[in-house]
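With PDB, C-alpha atoms inside, this is final-v5.pdb:
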ATOM      1  CA  MET A1300     -32.510  35.103  41.040
ATOM      2  CA  ILE A1301     -32.684  31.588  42.508
ATOM      3  CA  ASP A1302     -31.857  28.748  40.146
ATOM      4  CA  HIS A1303     -34.584  26.353  41.239
ATOM      5  CA  THR A1304     -33.065  23.491  39.260
ATOM      6  CA  LYS A1305     -30.264  23.508  41.859
ATOM      7  CA  LYS A1306     -32.496  24.083  44.880
ATOM      8  CA  PRO A1307     -33.016  21.009  47.111
ATOM      9  CA  HIS A1308     -36.282  19.208  46.579
ATOM     10  CA  PHE A1309     -38.522  16.452  47.849
ATOM     11  CA  SER A1310     -40.280  13.876  45.695
ATOM     12  CA  PRO A1311     -43.149  11.638  46.828
ATOM     13  CA  THR A1312     -40.660   8.755  47.008
ATOM     14  CA  GLN A1313     -38.386  10.754  49.294
ATOM     15  CA  LEU A1314     -41.231  11.794  51.588
ATOM     16  CA  ASP A1315     -42.451   8.209  51.882
ATOM     17  CA  MET A1316     -38.942   6.903  52.582
ATOM     18  CA  LEU A1317     -38.270   9.563  55.214
ATOM     19  CA  SER A1318     -41.507   8.600  56.975
ATOM     20  CA  ARG A1319     -40.775   4.850  56.817
ATOM     21  CA  CYS A1320     -37.093   4.884  57.757
ATOM     22  CA  GLY A1321     -34.981   7.975  58.318
ATOM     23  CA  GLU A1322     -31.764   5.932  58.180
ATOM     24  CA  GLN A1323     -32.664   4.575  54.751
ATOM     25  CA  TYR A1324     -33.342   8.152  53.601
ATOM     26  CA  ARG A1325     -30.026   9.342  55.040
ATOM     27  CA  ARG A1326     -28.052   6.624  53.283
ATOM     28  CA  ARG A1327     -29.791   7.202  49.941
ATOM     29  CA  TYR A1328     -30.314  10.961  49.731
ATOM     30  CA  VAL A1329     -27.789  12.474  52.156
ATOM     31  CA  GLU A1330     -24.829  10.096  51.725
ATOM     32  CA  GLY A1331     -25.708   9.273  48.110
ATOM     33  CA  GLU A1332     -25.426   5.491  48.499
ATOM     34  CA  VAL A1333     -27.432   4.139  45.570
ATOM     35  CA  VAL A1334     -28.516   0.511  45.790
ATOM     36  CA  PRO A1335     -29.586  -1.238  42.562
ATOM     37  CA  PRO A1336     -33.325  -1.973  42.469
ATOM     38  CA  GLY A1337     -34.847  -5.383  42.994
ATOM     39  CA  ILE A1338     -36.287  -7.114  39.968
ATOM     40  CA  ALA A1339     -39.841  -6.671  41.311
ATOM     41  CA  LEU A1340     -39.462  -2.891  40.987
ATOM     42  CA  LEU A1341     -38.308  -3.302  37.395
ATOM     43  CA  VAL A1342     -41.469  -5.253  36.581
ATOM     44  CA  GLY A1343     -43.553  -2.234  37.551
ATOM     45  CA  GLY A1344     -41.253   0.026  35.550
ATOM     46  CA  GLY A1345     -41.704  -2.148  32.491
ATOM     47  CA  LEU A1346     -45.475  -1.863  32.707
ATOM     48  CA  HIS A1347     -45.165   1.908  33.043
ATOM     49  CA  GLY A1348     -43.031   1.975  29.925
ATOM     50  CA  GLY A1349     -45.638   0.130  27.875
ATOM     51  CA  ALA A1350     -48.456   2.313  29.204
ATOM     52  CA  GLU A1351     -46.490   5.461  28.412
ATOM     53  CA  VAL A1352     -45.910   4.442  24.781
ATOM     54  CA  ASN A1353     -49.619   3.808  24.328
ATOM     55  CA  PHE A1354     -50.940   6.853  26.183
ATOM     56  CA  ARG A1355     -48.611   9.320  24.478
ATOM     57  CA  GLN A1356     -49.881   8.391  21.044
ATOM     58  CA  LYS A1357     -53.463   8.193  22.353
ATOM     59  CA  MET A1358     -53.410  11.905  23.187
ATOM     60  CA  ASP A1359     -53.479  12.517  19.423
ATOM     61  CA  THR A1360     -55.182   9.425  18.014
ATOM     62  CA  ARG A1361     -57.735   8.874  20.821
ATOM     63  CA  GLU A1362     -57.284   5.152  20.184
ATOM     64  CA  ASP A1363     -55.262   2.542  22.024
ATOM     65  CA  LEU A1364     -52.520   0.615  20.299
ATOM     66  CA  PRO A1365     -53.131  -3.092  19.625
ATOM     67  CA  ALA A1366     -52.601  -5.129  22.783
ATOM     68  CA  ALA A1367     -49.620  -6.943  21.260
ATOM     69  CA  ASP A1368     -47.853  -3.613  20.670
ATOM     70  CA  ILE A1369     -48.408  -2.509  24.275
ATOM     71  CA  VAL A1370     -47.072  -5.849  25.535
ATOM     72  CA  ASP A1371     -43.996  -5.570  23.298
ATOM     73  CA  ALA A1372     -43.333  -2.013  24.497
ATOM     74  CA  ALA A1373     -43.652  -3.056  28.154
ATOM     75  CA  VAL A1374     -41.295  -6.024  27.767
ATOM     76  CA  GLU A1375     -38.759  -3.885  25.931
ATOM     77  CA  ALA A1376     -38.955  -1.219  28.668
ATOM     78  CA  PHE A1377     -38.408  -3.911  31.303
ATOM     79  CA  LYS A1378     -35.350  -5.301  29.519
ATOM     80  CA  THR A1379     -33.899  -1.810  29.088
ATOM     81  CA  ARG A1380     -34.282  -1.102  32.796
ATOM     82  CA  ALA A1381     -32.862  -4.511  33.730
ATOM     83  CA  ALA A1382     -29.774  -3.815  31.615
ATOM     84  CA  GLY A1383     -28.925  -1.051  34.069
ATOM     85  CA  GLY A1384     -28.487  -3.610  36.857
ATOM     86  CA  TYR A1385     -30.593  -5.109  39.611
ATOM     87  CA  VAL A1386     -30.217  -7.262  42.705
ATOM     88  CA  LEU A1387     -31.794 -10.587  43.617
ATOM     89  CA  THR A1388     -33.008 -11.701  47.016
ATOM     90  CA  ASP A1389     -31.412 -14.807  48.521
ATOM     91  CA  GLU A1390     -34.497 -16.795  47.548
ATOM     92  CA  GLU A1391     -34.344 -15.530  43.956
ATOM     93  CA  ALA A1392     -30.619 -16.216  43.711
ATOM     94  CA  GLY A1393     -31.284 -19.760  44.890
ATOM     95  CA  ARG A1394     -33.692 -20.300  41.995
ATOM     96  CA  GLY A1395     -31.188 -18.981  39.469
ATOM     97  CA  ALA A1396     -30.856 -15.566  37.822
ATOM     98  CA  GLY A1397     -31.974 -16.822  34.409
ATOM     99  CA  SER A1398     -35.115 -18.415  35.764
ATOM    100  CA  VAL A1399     -36.041 -15.323  37.793
ATOM    101  CA  PHE A1400     -35.460 -13.017  34.826
ATOM    102  CA  GLY A1401     -37.632 -15.209  32.595
ATOM    103  CA  GLU A1402     -40.428 -15.288  35.160
ATOM    104  CA  ALA A1403     -40.264 -11.510  35.529
ATOM    105  CA  THR A1404     -40.402 -11.027  31.756
ATOM    106  CA  ASP A1405     -43.482 -13.261  31.568
ATOM    107  CA  MET A1406     -45.103 -11.307  34.396
ATOM    108  CA  VAL A1407     -44.523  -8.014  32.573
ATOM    109  CA  ALA A1408     -46.207  -9.457  29.488
ATOM    110  CA  ARG A1409     -49.222 -10.691  31.489
ATOM    111  CA  LEU A1410     -49.597  -7.383  33.302
ATOM    112  CA  ALA A1411     -49.337  -5.414  30.055
ATOM    113  CA  ALA A1412     -52.000  -7.586  28.418
ATOM    114  CA  VAL A1413     -54.413  -6.902  31.304
ATOM    115  CA  HIS A1414     -53.516  -3.215  31.169
ATOM    116  CA  ALA A1415     -54.310  -3.123  27.454
ATOM    117  CA  SER A1416     -57.704  -4.785  27.860
ATOM    118  CA  ASN A1417     -58.899  -3.506  31.265
ATOM    119  CA  GLN A1418     -57.103  -0.252  32.131
ATOM    120  CA  ALA A1419     -56.097   1.651  29.031
ATOM    121  CA  PRO A1420     -59.598   1.895  27.463
ATOM    122  CA  ASP A1421     -60.868   3.768  30.541
ATOM    123  CA  TYR A1422     -58.614   6.790  30.058
ATOM    124  CA  GLN A1423     -58.249   9.527  27.464
ATOM    125  CA  PRO A1424     -55.013  11.228  28.516
ATOM    126  CA  ILE A1425     -54.174  14.923  28.371
ATOM    127  CA  ALA A1426     -50.822  14.513  30.188
ATOM    128  CA  VAL A1427     -48.582  11.443  30.404
ATOM    129  CA  GLU A1428     -45.505  10.928  32.601
ATOM    130  CA  GLU A1429     -45.297  14.685  33.014
ATOM    131  CA  GLY A1430     -42.521  15.996  35.222
ATOM    132  CA  SER A1431     -43.501  18.827  37.531
ATOM    133  CA  ARG A1432     -41.723  21.144  39.929
ATOM    134  CA  LEU A1433     -43.749  23.053  42.507
ATOM    135  CA  VAL A1434     -41.640  26.020  43.558
ATOM    136  CA  LEU A1435     -42.031  26.857  47.241
ATOM    137  CA  PRO A1436     -40.390  30.294  47.587
ATOM    138  CA  SER A1437     -40.494  30.439  51.389
ATOM    139  CA  ALA A1438     -39.235  26.872  51.917
ATOM    140  CA  SER A1439     -35.726  25.432  51.675
ATOM    141  CA  HIS A1440     -36.982  22.657  49.376
ATOM    142  CA  ASP A1441     -39.239  22.529  46.330
ATOM    143  CA  LEU A1442     -41.525  19.627  45.439
ATOM    144  CA  VAL A1443     -40.888  17.545  42.320
ATOM    145  CA  GLY A1444     -42.442  14.485  40.763
ATOM    146  CA  VAL A1445     -43.765  12.796  37.648
ATOM    147  CA  ILE A1446     -47.527  12.290  37.275
ATOM    148  CA  ASP A1447     -48.327   8.998  35.586
ATOM    149  CA  LEU A1448     -51.494  10.215  33.889
ATOM    150  CA  VAL A1449     -54.078  12.992  33.810
ATOM    151  CA  ASP A1450     -57.149  12.212  31.739
ATOM    152  CA  GLU A1451     -59.640  14.554  30.128
ATOM    153  CA  THR A1452     -62.020  14.293  33.097
ATOM    154  CA  HIS A1453     -59.168  15.737  35.184
ATOM    155  CA  THR A1454     -58.646  12.519  37.037
ATOM    156  CA  VAL A1455     -55.080  12.125  38.294
ATOM    157  CA  VAL A1456     -54.023   8.483  38.027
ATOM    158  CA  ASP A1457     -51.273   6.545  39.758
ATOM    159  CA  LEU A1458     -50.682   3.234  37.968
ATOM    160  CA  LYS A1459     -49.254   0.592  40.297
ATOM    161  CA  THR A1460     -48.328  -3.058  40.406
ATOM    162  CA  ALA A1461     -48.478  -4.949  43.694
ATOM    163  CA  ALA A1462     -48.150  -8.446  45.073
ATOM    164  CA  ARG A1463     -51.697  -8.246  46.396
ATOM    165  CA  ALA A1464     -54.803  -6.091  46.032
ATOM    166  CA  PRO A1465     -54.655  -2.704  47.765
ATOM    167  CA  ALA A1466     -56.697  -1.931  50.857
ATOM    168  CA  LEU A1467     -59.658   0.433  50.564
ATOM    169  CA  GLY A1468     -57.849   3.122  52.543
ATOM    170  CA  ASP A1469     -54.764   3.146  50.350
ATOM    171  CA  VAL A1470     -56.058   5.837  48.008
ATOM    172  CA  ALA A1471     -56.863   8.161  50.925
ATOM    173  CA  ASN A1472     -53.463   7.504  52.509
ATOM    174  CA  SER A1473     -51.371   8.031  49.374
ATOM    175  CA  VAL A1474     -48.953  10.929  49.790
ATOM    176  CA  GLN A1475     -48.011  10.451  46.158
ATOM    177  CA  LEU A1476     -51.538  11.203  44.973
ATOM    178  CA  THR A1477     -51.701  14.234  47.253
ATOM    179  CA  VAL A1478     -48.513  15.576  45.674
ATOM    180  CA  TYR A1479     -49.925  14.881  42.211
ATOM    181  CA  ALA A1480     -53.064  16.814  43.149
ATOM    182  CA  ALA A1481     -50.887  19.773  44.166
ATOM    183  CA  PHE A1482     -49.144  19.643  40.784
ATOM    184  CA  HIS A1483     -52.533  19.540  39.047
ATOM    185  CA  ARG A1484     -53.684  22.639  40.920
ATOM    186  CA  ALA A1485     -50.476  24.467  39.999
ATOM    187  CA  LYS A1486     -50.900  23.689  36.296
ATOM    188  CA  TYR A1487     -54.672  23.822  35.809
ATOM    189  CA  GLY A1488     -55.676  26.262  38.536
ATOM    190  CA  GLU A1489     -57.770  23.820  40.549
ATOM    191  CA  LEU A1490     -57.554  20.510  42.323
ATOM    192  CA  PRO A1491     -58.333  17.408  40.240
ATOM    193  CA  ALA A1492     -61.889  16.115  40.032
ATOM    194  CA  ARG A1493     -60.638  12.877  41.598
ATOM    195  CA  VAL A1494     -57.491  10.906  42.272
ATOM    196  CA  THR A1495     -57.230   7.258  41.282
ATOM    197  CA  LEU A1496     -55.051   4.393  42.429
ATOM    198  CA  ASP A1497     -55.226   1.833  39.616
ATOM    199  CA  VAL A1498     -53.464  -1.384  40.607
ATOM    200  CA  LEU A1499     -52.623  -4.604  38.789
ATOM    201  CA  THR A1500     -51.751  -7.549  41.016
ATOM    202  CA  LYS A1501     -48.643  -9.557  40.205
ATOM    203  CA  THR A1502     -50.456 -12.848  40.553
ATOM    204  CA  LYS A1503     -50.665 -15.813  38.170
ATOM    205  CA  GLU A1504     -53.790 -14.229  36.724
ATOM    206  CA  PRO A1505     -53.292 -10.470  37.255
ATOM    207  CA  LYS A1506     -56.329  -8.622  38.557
ATOM    208  CA  ARG A1507     -57.199  -4.983  38.342
ATOM    209  CA  VAL A1508     -58.319  -2.992  41.389
ATOM    210  CA  ARG A1509     -59.257   0.658  40.920
ATOM    211  CA  LEU A1510     -59.770   2.917  43.931
ATOM    212  CA  ASP A1511     -61.038   6.486  43.508
ATOM    213  CA  GLY A1512     -60.739   9.334  45.977
ATOM    214  CA  VAL A1513     -60.591  13.108  46.233
ATOM    215  CA  ARG A1514     -58.199  15.732  47.510
ATOM    216  CA  GLY A1515     -59.419  18.999  49.006
ATOM    217  CA  PRO A1516     -57.897  22.083  50.650
ATOM    218  CA  GLY A1517     -57.376  20.104  53.839
ATOM    219  CA  SER A1518     -55.201  17.660  51.921
ATOM    220  CA  MET A1519     -52.999  20.520  50.752
ATOM    221  CA  ALA A1520     -52.677  21.856  54.301
ATOM    222  CA  ALA A1521     -51.679  18.403  55.563
ATOM    223  CA  LEU A1522     -49.101  18.118  52.763
ATOM    224  CA  ALA A1523     -47.624  21.488  53.743
ATOM    225  CA  ASN A1524     -47.340  20.298  57.344
ATOM    226  CA  ARG A1525     -45.596  17.120  56.179
ATOM    227  CA  LEU A1526     -43.131  19.109  54.084
ATOM    228  CA  ASN A1527     -42.350  21.420  56.993
ATOM    229  CA  ALA A1528     -41.747  18.435  59.282
ATOM    230  CA  ALA A1529     -39.493  16.806  56.681
ATOM    231  CA  ILE A1530     -37.435  19.996  56.351
ATOM    232  CA  LYS A1531     -37.020  20.235  60.131
ATOM    233  CA  THR A1532     -35.901  16.593  60.262
ATOM    234  CA  ILE A1533     -33.210  17.177  57.653
ATOM    235  CA  GLU A1534     -32.044  20.421  59.244
ATOM    236  CA  ALA A1535     -31.721  18.661  62.605
ATOM    237  CA  GLY A1536     -30.018  15.618  61.106
ATOM    238  CA  ALA A1537     -32.248  13.436  63.294
ATOM    239  CA  PHE A1538     -32.901  10.429  61.072
ATOM    240  CA  LEU A1539     -34.790   7.843  63.106
ATOM    241  CA  PRO A1540     -34.597   4.248  61.827
ATOM    242  CA  ALA A1541     -37.638   2.128  61.151
ATOM    243  CA  ALA A1542     -39.034   0.182  64.079
ATOM    244  CA  PRO A1543     -37.724  -3.391  64.400
ATOM    245  CA  GLY A1544     -40.245  -5.715  62.836
ATOM    246  CA  ASP A1545     -41.561  -3.124  60.396
ATOM    247  CA  TRP A1546     -41.984  -4.648  56.932
ATOM    248  CA  VAL A1547     -39.523  -2.196  55.393
ATOM    249  CA  CYS A1548     -36.821  -3.171  57.923
ATOM    250  CA  SER A1549     -35.818  -6.469  56.346
ATOM    251  CA  PRO A1550     -33.142  -7.730  53.944
ATOM    252  CA  LYS A1551     -35.844  -8.274  51.320
ATOM    253  CA  TRP A1552     -37.005  -4.658  51.221
ATOM    254  CA  CYS A1553     -33.939  -2.656  52.241
ATOM    255  CA  GLY A1554     -30.637  -2.744  50.393
ATOM    256  CA  TYR A1555     -28.914  -1.117  53.381
ATOM    257  CA  TRP A1556     -30.107  -3.723  55.895
ATOM    258  CA  HIS A1557     -26.915  -5.806  56.068
ATOM    259  CA  SER A1558     -24.754  -2.764  56.837
ATOM    260  CA  CYS A1559     -27.280  -0.878  58.979
ATOM    261  CA  PRO A1560     -25.926   0.177  62.403
ATOM    262  CA  TYR A1561     -29.369  -0.363  63.935
ATOM    263  CA  ILE A1562     -29.475  -4.103  63.130
ATOM    264  CA  ASP A1563     -27.974  -6.198  65.909
ATOM    265  CA  SER A1564     -26.238  -9.557  65.541
ATOM    266  CA  GLU A1565     -29.280 -11.452  66.831
ATOM    267  CA  ARG A1566     -31.521 -10.054  64.112
ATOM    268  CA  ARG A1567     -28.930 -10.823  61.459
ATOM    269  CA  ALA A1568     -28.627 -14.378  62.690
ATOM    270  CA  ALA A1569     -32.413 -14.767  62.708
ATOM    271  CA  ALA A1570     -32.606 -13.479  59.129
ATOM    272  CA  GLU A1571     -29.939 -15.938  58.004
ATOM    273  CA  ARG A1572     -31.872 -18.807  59.576
TER     274      ARG A1572
END

Turn the structure described in the file into structure tokens.
Amino acid sequence: MIDHTKKPHFSPTQLDMLSRCGEQYRRRYVEGEVVPPGIALLVGGGLHGGAEVNFRQKMDTREDLPAADIVDAAVEAFKTRAAGGYVLTDEEAGRGAGSVFGEATDMVARLAAVHASNQAPDYQPIAVEEGSRLVLPSASHDLVGVIDLVDETHTVVDLKTAARAPALGDVANSVQLTVYAAFHRAKYGELPARVTLDVLTKTKEPKRVRLDGVRGPGSMAALANRLNAAIKTIEAGAFLPAAPGDWVCSPKWCGYWHSCPYIDSERRAAAER
């Protein structure tokens, strides 16, 4: 019998990274070179931590925690994640680590307050931060992931933070939500009633943008095609780098940029300037 806990797998993060930059995927998931996260990623993780504390108890109580408790839980989750290490951009380092950390902590608190007042009341959860593994017997890899939230209307929710409001097409283009829909079908026997991208902007006054969409049988077929293509890429060892000028191919967004063999001296010099 196959031990599927040891079988290779893809997560939504891996699929997105492989599509954006094969070299980044190779360094992270084939060579195992782990780069500490940027502090912006930890801000989003802090918000998730506060939301999780609230939603888990809400499954039983059907009531949200006081806003102050959600904010405290989010800030504590942020600090716990930050204790594991993070990296600063050159611009952040120039402003000072203490200042950047304080600003990030304040941002987590503001985001959590908006979450408590504008997001949390809209959902009655039946599953929170639930890990799933979709076993694919005929494939070399399974599919794994953690769904942020499923509410009692069988809406699958991806809670995000972003520097700016999402575009209208982002919910339709989200591979992550398609994977979550596949997990929902595996557990509940049908695709979710809708999928939701619920975003809080990391602006001085955070704003909420909620985008709803659907996933149908065609979405599952497209996901299967993507998985098959990803498997063929890995088997061939043909990891194409991101195109020069792509947003992900920059020292701000890629921890492997400075040691990447696809970055020439001219681009490095331009980045330093």

Report as a ChimeraX atom specification all protein, DNA and RNA residues lying within 12 Å of Leu1467 of chain A, evaluated on all atoms listed in the file, omitting residues in the same chain fewer than 3 positions from it. /A:1464,1470-1473,1495-1498,1508-1512

Atoms to include: C-alpha atoms. Write the selected residues as a short mmCIF file (atom, residue, chain, number, x, y, z; two decimals), keeping the file's coordinate frame.
data_model
loop_
_atom_site.label_atom_id
_atom_site.label_comp_id
_atom_site.auth_asym_id
_atom_site.auth_seq_id
_atom_site.Cartn_x
_atom_site.Cartn_y
_atom_site.Cartn_z
CA ALA A 1464 -54.80 -6.09 46.03
CA VAL A 1470 -56.06 5.84 48.01
CA ALA A 1471 -56.86 8.16 50.92
CA ASN A 1472 -53.46 7.50 52.51
CA SER A 1473 -51.37 8.03 49.37
CA THR A 1495 -57.23 7.26 41.28
CA LEU A 1496 -55.05 4.39 42.43
CA ASP A 1497 -55.23 1.83 39.62
CA VAL A 1498 -53.46 -1.38 40.61
CA VAL A 1508 -58.32 -2.99 41.39
CA ARG A 1509 -59.26 0.66 40.92
CA LEU A 1510 -59.77 2.92 43.93
CA ASP A 1511 -61.04 6.49 43.51
CA GLY A 1512 -60.74 9.33 45.98
#

Hey, which of A:Ala1372, A:Val1399, A:Leu1499, A:Leu1442 ends up closest to Leu1526 of chain A? Count only C-alpha atoms.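 Among A:Ala1372, A:Val1399, A:Leu1499, A:Leu1442, it is A:Leu1442 that comes nearest to Leu1526 of chain A.
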
Report the distance between atom CA of Leu1387 of chain A and atom CA of Val1329 of chain A in Å, rounded to one decimal place. 24.9 Å

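The space separating atom CA of Ala1392 of chain A from atom CA of Cys1553 of chain A comes to 16.4 Å.
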
Could you state which residues are captured by the PyMOL selection byres ((chain A and resi 1373) around 12) in this file, as a PyMOL selection string? chain A and resi 1341-1353+1366-1372+1374-1380+1403-1415

Identify all residues satisfying the PyMOL selection byres ((chain A and resi 1477) around 10) in the given file; provide them as JSON, numbers by chain. {"A": [1311, 1455, 1470, 1471, 1472, 1473, 1474, 1475, 1476, 1478, 1479, 1480, 1481, 1482, 1483, 1490, 1494, 1513, 1514, 1515, 1518, 1519, 1521, 1522]}

At what distance in Å, to one decimal, does atom CA of Ser1558 of chain A lie from atom CA of Asp1389 of chain A? 16.1 Å

Counting all atoms listed in the file, the option among A:Asp1315, A:Glu1322, A:Glu1428, A:Glu1565 closest to Ala1537 of chain A: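 Checking each of A:Asp1315, A:Glu1322, A:Glu1428, A:Glu1565 against Ala1537 of chain A, counting all atoms listed in the file, the winner is A:Glu1322.
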
Compare A:Ile1562, A:Pro1550, A:Asp1447, A:Thr1532 by their minimum atom-to-atom distance to Arg1325 of chain A, counting all atoms listed in the file, and give me the closest one. A:Thr1532

Pick from A:Ile1530, A:Gly1517, A:Gln1423, A:Gln1313: nearest to Gln1356 of chain A, with all atoms listed in the file counted? A:Gln1423
